Each structure stands twice: as structure tokens, then as C-alpha cells.
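Content type mmCIF, C-alpha atoms, from the file target_24.cif:
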data_start
loop_
_atom_site.label_atom_id
_atom_site.label_comp_id
_atom_site.auth_asym_id
_atom_site.auth_seq_id
_atom_site.Cartn_x
_atom_site.Cartn_y
_atom_site.Cartn_z
CA CYS A 976 -192.18 58.27 117.24
CA SER A 977 -194.91 59.11 114.76
CA THR A 978 -194.41 58.34 111.12
CA PRO A 979 -193.99 61.57 109.13
CA PRO A 980 -196.89 62.25 106.70
CA SER A 981 -195.83 60.40 103.56
CA PRO A 982 -196.52 61.62 100.04
CA THR A 983 -199.61 60.02 98.54
CA ALA A 984 -199.51 58.63 95.01
CA THR A 985 -201.84 59.90 92.29
CA SER A 986 -204.54 57.43 93.29
CA GLY A 987 -204.48 58.94 96.77
CA ALA A 988 -203.46 55.56 98.21
CA LEU A 989 -200.08 55.60 99.88
CA ARG A 990 -197.66 54.03 97.42
CA THR A 991 -195.25 51.76 99.27
CA HIS A 992 -193.86 49.53 96.52
CA TRP A 993 -191.58 50.29 93.59
CA SER A 994 -190.03 47.84 91.19
CA GLY A 995 -187.51 48.59 88.45
CA ARG A 996 -183.82 48.87 87.65
CA LEU A 997 -181.17 51.20 88.97
CA ALA A 998 -177.68 52.05 87.73
CA LEU A 999 -175.02 53.91 89.70
CA GLN A 1000 -171.84 55.38 88.18
CA LEU A 1001 -168.93 56.83 90.17
CA GLU A 1002 -166.42 59.02 88.34
CA GLY A 1003 -162.73 59.79 89.04
CA GLN A 1004 -160.13 57.31 90.28
CA ALA A 1005 -162.79 55.37 92.13
CA ALA A 1006 -164.46 54.90 88.71
CA GLN A 1007 -166.93 52.19 89.43
CA SER A 1008 -170.41 51.23 88.41
CA PHE A 1009 -173.22 49.11 89.75
CA SER A 1010 -176.50 48.11 88.19
CA ALA A 1011 -179.29 45.82 89.32
CA ALA A 1012 -183.00 45.29 89.28
CA PHE A 1013 -184.66 46.32 92.55
CA GLU A 1014 -187.80 45.90 94.65
CA LEU A 1015 -188.33 48.73 97.15
CA ASP A 1016 -190.97 48.49 99.88
CA GLY A 1017 -192.13 50.64 102.79
CA ASN A 1018 -190.94 54.15 103.68
CA PRO A 1019 -187.80 55.89 104.98
CA LEU A 1020 -188.50 54.67 108.54
CA HIS A 1021 -189.57 51.07 107.93
CA GLY A 1022 -188.76 49.32 104.69
CA GLU A 1023 -186.93 46.81 102.58
CA LEU A 1024 -184.85 47.00 99.43
CA ARG A 1025 -183.97 43.92 97.40
CA LEU A 1026 -181.32 44.08 94.64
CA LEU A 1027 -181.76 41.38 92.00
CA SER A 1028 -179.72 39.97 89.14
CA PRO A 1029 -181.02 40.30 85.58
CA PHE A 1030 -182.14 36.65 85.84
CA GLY A 1031 -184.34 37.51 88.83
CA ASN A 1032 -182.40 35.99 91.71
CA THR A 1033 -181.74 38.08 94.80
CA LEU A 1034 -178.23 39.54 95.19
CA VAL A 1035 -178.68 41.37 98.50
CA GLN A 1036 -181.55 42.39 100.73
CA LEU A 1037 -181.59 45.41 103.03
CA ASP A 1038 -184.22 46.10 105.67
CA TRP A 1039 -184.49 48.92 108.16
CA LYS A 1040 -186.43 50.39 111.03
CA PRO A 1041 -185.63 53.49 113.07
CA GLY A 1042 -181.95 53.38 114.14
CA HIS A 1043 -181.33 49.86 112.86
CA ALA A 1044 -180.53 48.53 109.39
CA ARG A 1045 -179.47 45.12 108.12
CA LEU A 1046 -177.76 43.92 104.93
CA HIS A 1047 -178.32 40.26 104.06
CA SER A 1048 -176.21 38.72 101.32
CA GLY A 1049 -176.11 34.97 100.85
CA GLU A 1050 -174.80 33.55 104.06
CA THR A 1051 -173.94 36.74 105.94
CA THR A 1052 -175.98 39.48 107.65
CA GLN A 1053 -174.51 42.82 108.65
CA GLU A 1054 -176.15 45.30 111.02
CA SER A 1055 -175.61 49.04 111.33
CA SER A 1056 -177.31 52.09 112.76
CA SER A 1057 -176.88 53.71 109.30
CA LEU A 1058 -178.83 52.37 106.34
CA GLU A 1059 -176.86 54.69 104.03
CA ASP A 1060 -173.58 53.05 105.12
CA LEU A 1061 -174.94 49.61 104.23
CA LEU A 1062 -176.26 50.96 100.92
CA GLU A 1063 -172.80 52.32 100.13
CA GLN A 1064 -171.39 48.87 100.80
CA ALA A 1065 -173.99 47.18 98.58
CA THR A 1066 -173.96 49.63 95.66
CA GLY A 1067 -170.87 51.84 95.92
CA ALA A 1068 -172.58 55.06 97.04
CA ALA A 1069 -174.62 56.13 100.07
CA ILE A 1070 -177.93 56.57 98.26
CA PRO A 1071 -180.09 58.94 100.38
CA VAL A 1072 -183.10 56.77 101.17
CA THR A 1073 -185.42 59.49 102.48
CA ALA A 1074 -184.81 61.57 99.36
CA LEU A 1075 -185.19 58.44 97.19
CA PHE A 1076 -188.72 57.77 98.47
CA SER A 1077 -189.61 61.41 97.72
CA TRP A 1078 -188.06 61.35 94.24
CA LEU A 1079 -189.89 58.16 93.29
CA SER A 1080 -193.12 59.83 94.37
CA GLY A 1081 -192.26 62.77 92.11
CA ILE A 1082 -191.45 65.10 95.01
CA PRO A 1083 -188.20 67.13 94.65
CA ALA A 1084 -185.86 66.64 97.59
CA THR A 1085 -182.19 67.49 98.03
CA SER A 1086 -179.94 65.65 100.41
CA ASP A 1087 -176.22 66.10 101.15
CA GLY A 1088 -175.00 66.95 97.68
CA TRP A 1089 -177.62 65.02 95.66
CA HIS A 1090 -179.79 66.81 93.09
CA ALA A 1091 -182.53 64.95 91.20
CA ASP A 1092 -183.95 65.50 87.71
CA LEU A 1093 -187.58 64.38 87.94
CA SER A 1094 -188.62 65.72 84.52
CA ALA A 1095 -189.32 62.18 83.19
CA ILE A 1096 -190.84 60.81 86.41
CA GLY A 1097 -194.19 60.45 84.56
CA GLN A 1098 -192.55 57.86 82.29
CA GLY A 1099 -191.07 56.08 85.29
CA LYS A 1100 -187.56 57.48 84.87
CA MET A 1101 -185.35 59.68 87.03
CA LEU A 1102 -181.75 60.74 87.40
CA ALA A 1103 -179.92 61.98 90.50
CA GLN A 1104 -176.38 63.32 90.75
CA ARG A 1105 -174.12 63.94 93.68
CA GLN A 1106 -171.53 66.66 93.11
CA THR A 1107 -169.94 66.55 96.56
CA PRO A 1108 -168.44 64.76 98.35
CA GLU A 1109 -166.16 63.17 95.75
CA PRO A 1110 -166.35 60.95 93.79
CA ARG A 1111 -169.10 62.41 91.63
CA ALA A 1112 -171.99 59.92 91.45
CA THR A 1113 -174.82 59.51 88.95
CA LEU A 1114 -177.84 57.41 89.90
CA ARG A 1115 -180.28 56.44 87.13
CA ILE A 1116 -183.56 54.68 87.91
CA THR A 1117 -186.33 53.33 85.74
CA PHE A 1118 -189.38 51.85 87.48
CA GLU A 1119 -192.78 50.37 86.68
CA ARG A 1120 -195.45 53.03 87.24
CA ASP B 177 -185.97 9.31 83.74
CA ALA B 178 -185.18 13.00 84.09
CA LEU B 179 -181.44 12.50 84.64
CA LYS B 180 -181.26 10.58 81.35
CA ASP B 181 -183.25 13.35 79.66
CA LEU B 182 -180.83 15.93 81.03
CA ASP B 183 -177.79 13.93 79.94
CA SER B 184 -179.11 13.41 76.40
CA PHE B 185 -180.12 17.10 76.29
CA LEU B 186 -176.61 18.21 77.32
CA GLN B 187 -174.90 15.84 74.89
CA GLY B 188 -177.36 15.90 72.02
CA THR B 189 -178.34 19.56 71.82
CA GLN B 190 -175.56 21.81 70.58
CA THR B 191 -177.81 24.76 69.84
CA GLY B 192 -181.34 25.60 70.89
CA ARG B 193 -184.01 28.24 70.58
CA ALA B 194 -187.24 28.71 72.54
CA ASP B 195 -189.76 31.27 73.73
CA PHE B 196 -189.88 31.65 77.49
CA THR B 197 -192.22 32.97 80.15
CA GLN B 198 -190.66 33.72 83.53
CA VAL B 199 -192.64 34.16 86.77
CA VAL B 200 -190.60 35.52 89.67
CA THR B 201 -192.30 35.11 93.06
CA ALA B 202 -190.93 36.97 96.04
CA PRO B 203 -190.98 35.21 99.42
CA ALA B 204 -194.33 35.87 101.14
CA LYS B 205 -194.03 38.43 103.94
CA ASP B 206 -195.77 37.74 107.27
CA GLY B 207 -199.43 37.66 106.39
CA GLN B 208 -199.04 39.33 102.99
CA VAL B 209 -199.70 37.59 99.67
CA ALA B 210 -196.49 36.61 97.84
CA ARG B 211 -195.98 39.13 95.05
CA SER B 212 -195.07 37.75 91.61
CA LYS B 213 -194.03 39.31 88.31
CA THR B 214 -194.18 37.81 84.83
CA SER B 215 -191.82 38.54 81.97
CA SER B 216 -191.35 36.87 78.60
CA GLY B 217 -189.08 36.76 75.60
CA THR B 218 -186.82 34.47 73.57
CA PHE B 219 -183.90 32.29 74.60
CA GLU B 220 -181.14 30.92 72.37
CA PHE B 221 -177.99 29.02 73.23
CA GLN B 222 -175.00 27.37 71.60
CA ARG B 223 -172.69 25.07 73.47
CA PRO B 224 -170.32 25.56 75.07
CA GLY B 225 -171.07 28.73 76.94
CA ARG B 226 -173.03 30.99 74.57
CA PHE B 227 -176.58 32.06 75.21
CA LYS B 228 -178.95 34.98 74.77
CA PHE B 229 -182.03 35.97 76.74
CA VAL B 230 -184.06 38.69 75.02
CA TYR B 231 -186.69 39.95 77.47
CA GLN B 232 -189.49 41.72 75.58
CA LYS B 233 -192.14 42.26 78.25
CA PRO B 234 -192.76 44.09 80.59
CA PHE B 235 -189.51 45.85 79.73
CA GLU B 236 -186.81 45.30 77.11
CA GLN B 237 -183.55 43.80 78.30
CA THR B 238 -181.00 41.67 76.44
CA ILE B 239 -178.51 39.37 78.16
CA VAL B 240 -175.84 37.87 75.88
CA ALA B 241 -173.04 35.49 76.87
CA ASP B 242 -170.67 35.44 73.91
CA GLY B 243 -168.32 32.85 75.41
CA ARG B 244 -166.01 35.40 77.05
CA THR B 245 -168.13 38.36 78.09
CA LEU B 246 -171.58 38.62 79.63
CA TRP B 247 -173.41 41.64 78.18
CA LEU B 248 -176.52 43.18 79.73
CA TYR B 249 -178.34 45.84 77.71
CA ASP B 250 -181.15 47.68 79.48
CA VAL B 251 -183.13 49.65 76.89
CA ASP B 252 -184.91 52.00 79.32
CA LEU B 253 -181.66 52.90 81.08
CA ASN B 254 -179.92 53.01 77.67
CA GLN B 255 -177.06 51.24 79.30
CA VAL B 256 -174.82 48.24 78.61
CA THR B 257 -173.06 46.40 81.44
CA GLN B 258 -170.13 44.18 80.49
CA ARG B 259 -168.57 41.55 82.78
CA PRO B 260 -166.17 38.61 82.27
CA GLN B 261 -168.49 35.68 81.72
CA ALA B 262 -166.84 33.25 84.13
CA GLN B 263 -166.99 35.73 87.00
CA ALA B 264 -170.60 36.71 86.35
CA LEU B 265 -172.11 33.30 85.73
CA GLY B 266 -170.60 30.89 88.22
CA SER B 267 -173.27 28.35 89.03
CA THR B 268 -176.23 30.25 87.63
CA PRO B 269 -178.96 28.23 85.94
CA ALA B 270 -178.19 29.78 82.56
CA ALA B 271 -174.61 28.49 82.81
CA LEU B 272 -175.99 25.11 83.79
CA LEU B 273 -178.05 24.84 80.61
CA ALA B 274 -175.70 26.35 78.07
CA ALA B 275 -172.24 25.51 79.29
CA ALA B 276 -171.96 22.00 80.67
CA PRO B 277 -171.15 19.44 77.91
CA ASP B 278 -172.49 16.48 79.95
CA LEU B 279 -173.69 15.32 83.38
CA LYS B 280 -170.16 14.72 84.60
CA ALA B 281 -169.20 18.36 83.97
CA LEU B 282 -172.41 19.47 85.64
CA ARG B 283 -171.64 17.35 88.68
CA ALA B 284 -168.50 19.43 89.21
CA GLU B 285 -170.75 22.38 90.07
CA PHE B 286 -174.00 20.75 91.26
CA THR B 287 -175.21 17.67 93.09
CA LEU B 288 -177.90 16.09 90.86
CA GLU B 289 -180.86 13.87 91.72
CA THR B 290 -184.21 13.13 90.15
CA ALA B 291 -187.15 14.96 91.75
CA PRO B 292 -190.82 13.91 91.77
CA GLU B 293 -192.74 14.30 88.52
CA GLN B 294 -195.25 17.18 88.47
CA ASP B 295 -198.07 17.84 85.97
CA GLY B 296 -196.42 15.84 83.22
CA VAL B 297 -192.94 17.26 83.77
CA GLN B 298 -190.01 15.13 84.92
CA TRP B 299 -187.59 17.10 87.08
CA VAL B 300 -183.91 16.97 87.99
CA LEU B 301 -182.98 18.72 91.24
CA ALA B 302 -179.58 20.46 91.10
CA ARG B 303 -177.99 21.96 94.20
CA PRO B 304 -174.89 24.14 93.74
CA LYS B 305 -171.76 22.90 95.47
CA ALA B 306 -170.34 26.44 95.62
CA LYS B 307 -171.28 27.96 98.92
CA ASP B 308 -171.54 31.55 97.56
CA GLY B 309 -174.98 31.30 99.03
CA GLN B 310 -176.96 33.04 96.29
CA LEU B 311 -178.59 29.98 94.75
CA HIS B 312 -180.48 27.45 96.89
CA SER B 313 -181.49 24.98 94.20
CA VAL B 314 -182.51 24.61 90.56
CA ARG B 315 -184.93 22.11 89.07
CA VAL B 316 -184.64 21.36 85.35
CA GLY B 317 -187.88 20.06 83.85
CA PHE B 318 -188.42 17.83 80.80
CA ALA B 319 -191.65 16.88 79.11
CA ALA B 320 -191.50 13.94 76.69
CA GLY B 321 -187.72 14.29 76.71
CA GLN B 322 -187.89 17.95 75.64
CA LEU B 323 -186.58 20.84 77.79
CA ALA B 324 -189.69 22.32 79.42
CA ALA B 325 -188.76 24.46 82.43
CA LEU B 326 -186.23 25.83 84.90
CA ASP B 327 -187.39 26.34 88.48
CA ILE B 328 -184.88 28.39 90.47
CA LEU B 329 -185.03 28.98 94.25
CA ASP B 330 -182.55 31.48 95.64
CA SER B 331 -181.26 31.57 99.20
CA PHE B 332 -183.70 34.41 100.07
CA GLY B 333 -186.67 32.24 99.18
CA GLN B 334 -187.35 34.00 95.87
CA ARG B 335 -188.52 31.61 93.18
CA SER B 336 -188.09 32.07 89.44
CA LEU B 337 -190.01 29.65 87.20
CA ILE B 338 -189.02 29.81 83.52
CA ARG B 339 -191.24 27.83 81.14
CA PHE B 340 -190.02 27.17 77.61
CA ALA B 341 -192.30 26.86 74.56
CA ASN B 342 -191.73 26.28 70.83
CA VAL B 343 -188.43 24.60 71.69
CA GLN B 344 -186.22 23.95 68.66
CA ASN B 345 -183.26 21.57 69.11
CA ASN B 346 -180.14 22.15 67.04
CA PRO B 347 -181.52 24.96 64.82
CA ALA B 348 -178.97 26.55 62.49
CA LEU B 349 -177.99 29.81 64.18
CA PRO B 350 -176.17 32.65 62.37
CA ALA B 351 -172.54 33.13 63.39
CA THR B 352 -173.50 36.56 64.74
CA ALA B 353 -176.25 35.13 66.98
CA PHE B 354 -174.18 35.65 70.12
CA GLN B 355 -172.14 38.67 69.13
CA PHE B 356 -173.17 41.81 70.97
CA LYS B 357 -172.30 45.35 69.88
CA PRO B 358 -173.35 48.15 72.23
CA PRO B 359 -175.84 50.41 70.40
CA ALA B 360 -174.57 53.90 69.54
CA GLY B 361 -175.20 56.37 72.35
CA ALA B 362 -175.63 53.75 75.07
CA ASP B 363 -173.50 54.04 78.21
CA VAL B 364 -171.15 51.10 78.52
CA LEU B 365 -170.24 50.17 82.10
CA LYS B 366 -167.61 47.73 83.30
CA PRO B 367 -168.23 47.14 87.04
#

So, in terms of C-alpha cells, how does the structure I just supplied come out?
Amino acid sequence: CSTPPSPTATSGALRTHWSGRLALQLEGQAAQSFSAAFELDGNPLHGELRLLSPFGNTLVQLDWKPGHARLHSGETTQESSSLEDLLEQATGAAIPVTALFSWLSGIPATSDGWHADLSAIGQGKMLAQRQTPEPRATLRITFER
Amino acid sequence: DALKDLDSFLQGTQTGRADFTQVVTAPAKDGQVARSKTSSGTFEFQRPGRFKFVYQKPFEQTIVADGRTLWLYDVDLNQVTQRPQAQALGSTPAALLAAAPDLKALRAEFTLETAPEQDGVQWVLARPKAKDGQLHSVRVGFAAGQLAALDILDSFGQRSLIRFANVQNNPALPATAFQFKPPAGADVLKP
């Protein structure tokens, strides 16, 4: 399959690496929150996401290629055909990866209930919220530009 | 030797303050150059179990262990995360430095052996006994008996080298040094 045309960063070169911190908050009875530093590489089809502790050591690592995703944490590795399922397991919510790559490139994208506020993307900040399905989720990201 | 340095450090240093520079190097991908990132700030601790890392560059982040709770304040996200200290720290290097009163206590969590000297630094190699799998090993470095560095390798092959400078042993620290109060308007999360 051909790789879809990916958004190009301001310098025209294809940006394929983001580094920063993310925080996820779930409201309602499943009130829960998750925050970590992250390193994101690649694109929605082929890529890797590492979640790190504030001290810089790796908590979990996810990698994916078409139809196949893996979640490595410490001793164990899990495999799934759905990256979003593994992301939900690692962070608490199924973060939409395709939309995430677009948002980080400053390109509005909606995906099953998620809406992003990219007004501060120039300062390396963004916010995305999922109204449905429950529980309501708020994803906040700050990244190095 | 380094083990003696570590023992006298653990027993003789009740409080400490230093500047630090941290270089985190990701494992090199097939053929690609290993990517590394540098951050810096100040580090303070008071035994047992209190410490504070204030990262100033490239972004502002404060990590405070007040003896019961581990606080993480991320300025850009305007968010405070609060976790019970025991659960969050486990066998992390920070706990190793600030919590253990002596080698014996450290040996409950780590196997300890001296490692080869490198550019004037004597090293102790500590391997966690807990098999939670996150930490592969930690080397604690001393130069002329003074704490010089922490070299942390995680189980994914990511390396974090923290070098200390302007180390002060047993400085007088204010009672509020390790108290953390979330700033007004910041989100406070309890995962």
C-alpha cells in the first residue's frame, strides 16, 4: 500500500519526530489521569511512541506498522491489530494516532468524537477533547518545536 | 574505593545541594544516530526520603518528594501530578540517593559492586533486585570522594547520565525546602 501524502512541516522537510509531555484526564466515575513525557516518531502507518518518566527512563514503548501494533513494557510485550487499543491500555484512552500526527503538524482533524484546539500550536501546545463516547477525555500536549 | 565512597556518602551526608546536567540518550535505531537530549537544573535532598529536582532547561519542571508524596509540576502544561511516594519511586535512582541510610539498606533493593574507574570517576554498579523490569542498572560515580554522577540504563536501552556540579554536603536547608504547594490555577491530578 502506498503511504498517504503526509503533511510537510514549515521547513518543507517531512517532520517525523516530536518530543514533549502529554497529560490525559478522564472525567466521570472512571475519573483517572495519566501524564508522561513522550517521544513520537514516524507516521500513522509506521511509527513508534515512547512514554517516559519525569526522570527520563522509559515506561512503555509502542511501535506499529499496517495492521500490527506492539506494546512493550518492562518484561512483557503485547501485540494487537489495533494501536488505539494498546494506547488505551497504556494511557487510559484510545488516542487517535492518525489525528494526533495531523494535530501536531498544525492540521485540524476530527476523529470519532475528538475535537482539537490548535490555536497555540505555534507555541508547541495543543488540547484535544473527546465528548463521546463516555467518559469525557481531555488530552493536553506540549512539545518542543 | 567507590563502595566506601558510597557508604560514607550515605552515612555522612544528611542533606545535599548541587547543580545537575542530564543527557538522555535513546537507544540507537538500526543505522540511525542515537538521539540525545540535554536538560539541566538544581537538585537538593534531605535524608531520609526527601529530594527536589528543579529542571530549568529546556523546559521547566519541578519534582518534589516530601517524604510522603511525590509531586510533579509541569509549568507548560500548568499541571501538578501527585502520587504516594513509595509507589512512585520504588527502586528509582533518586530513591537510591536520597532514601537509603546506608549500604545495607541499599542492598535490600540493589546488588552492589564496584565498576571500573572512568575519566577520574570511581563507579559503583547497582542492579535492582525488583524485577519490575523498568530499570536495568544504575552506576553512581564519585570523584575524590564527592558525588559526581548517576548513570542510569533502563530496560529499553535508554541511558540517562546525570552529572553533578557545585556539590554542597550538609548545607542548611530551610524547613520548607521540600514542601510543595500547587500554584493557584494549576490542575492537580491524582492518577

When the PyMOL selection byres ((chain A and resi 993) around 10) is applied to the structure above, which residues does it catch, written out as a list in words?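 Checked against the file, the PyMOL selection byres ((chain A and resi 993) around 10) matches Arg990, Thr991, His992, Ser994, Gly995, Arg996, Phe1013, Glu1014, Leu1015, Asp1016, Gly1017, Leu1024, Phe1076, Leu1079, Ser1080, Thr1117, Phe1118, Glu1119 and Arg1120 of chain A.
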
Expected answer as a ChimeraX atom specification: all residues with atoms within 6 Å of (-181.9, 52.8, 90.2), all atoms listed in the file: /A:996-998,1115-1116

For the residues selected in the previous step, produce a file with C-alpha atoms as a PDB file, in the coordinates of the input.
ATOM      1  CA  ARG A 996    -183.820  48.870  87.650  1.00  0.00           C
ATOM      2  CA  LEU A 997    -181.170  51.200  88.970  1.00  0.00           C
ATOM      3  CA  ALA A 998    -177.680  52.050  87.730  1.00  0.00           C
ATOM      4  CA  ARG A1115    -180.280  56.440  87.130  1.00  0.00           C
ATOM      5  CA  ILE A1116    -183.560  54.680  87.910  1.00  0.00           C
TER       6      ILE A1116
END

Residues of chain B near chain A: apply a cut-off of 8 Å, count all atoms listed in the file, and supply the list as a list in words.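 Filtering chain B at 8 Å from chain A with all atoms listed in the file gives Val200, Ile239, Leu248, Asp252, Leu253, Thr257, Asp308, Gly309, Gln310, Leu311, Leu329, Asp330, Ser331, Phe332, Gln334, Arg335, Ser336, Leu365, Lys366 and Pro367 of chain B.
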
Within 12 Å of B:Trp247, counting only C-alpha atoms, which residues qualify if same-chain residues fewer than 5 places away don't, as a ChimeraX atom specification? /A:1029 /B:226-230,237-242,255-261,264-265,354-359,364-367

As an exercise, work out the distance from atom CA of B:Arg283 to atom CA of B:Gly192 in Å and give it to one decimal place. 21.9 Å

A:Ala1103, A:Ala1044, A:Leu1093, A:Ala1068 ranked by distance to A:Leu1001, top pick (using all atoms listed in the file): A:Ala1068

If I take atom CA of B:Gln187 and atom CA of B:Lys307, how far is one from the other in Å, to one decimal?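 Here the two named atoms are 27.2 Å from each other.
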
Using the chain letters and residue numbers of this document, give as a ChimeraX atom specification the residues selected by the PyMOL selection byres ((chain B and resi 304) around 12). /B:266-269,271-272,282-288,301-303,305-315,328-331

Residues picked by the PyMOL selection byres ((chain A and resi 1089) around 8) here, as a list in words? Thr1085, Ser1086, Asp1087, Gly1088, His1090, Ala1091, Ala1103, Gln1104, Arg1105, Gln1106 and Thr1107 of chain A

If you measure from atom CA of B:Phe185 to atom CA of B:Val316, what distance in Å do you get, rounded to one decimal?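 We find that atom CA of B:Phe185 and atom CA of B:Val316 lie 11.0 Å from each other.
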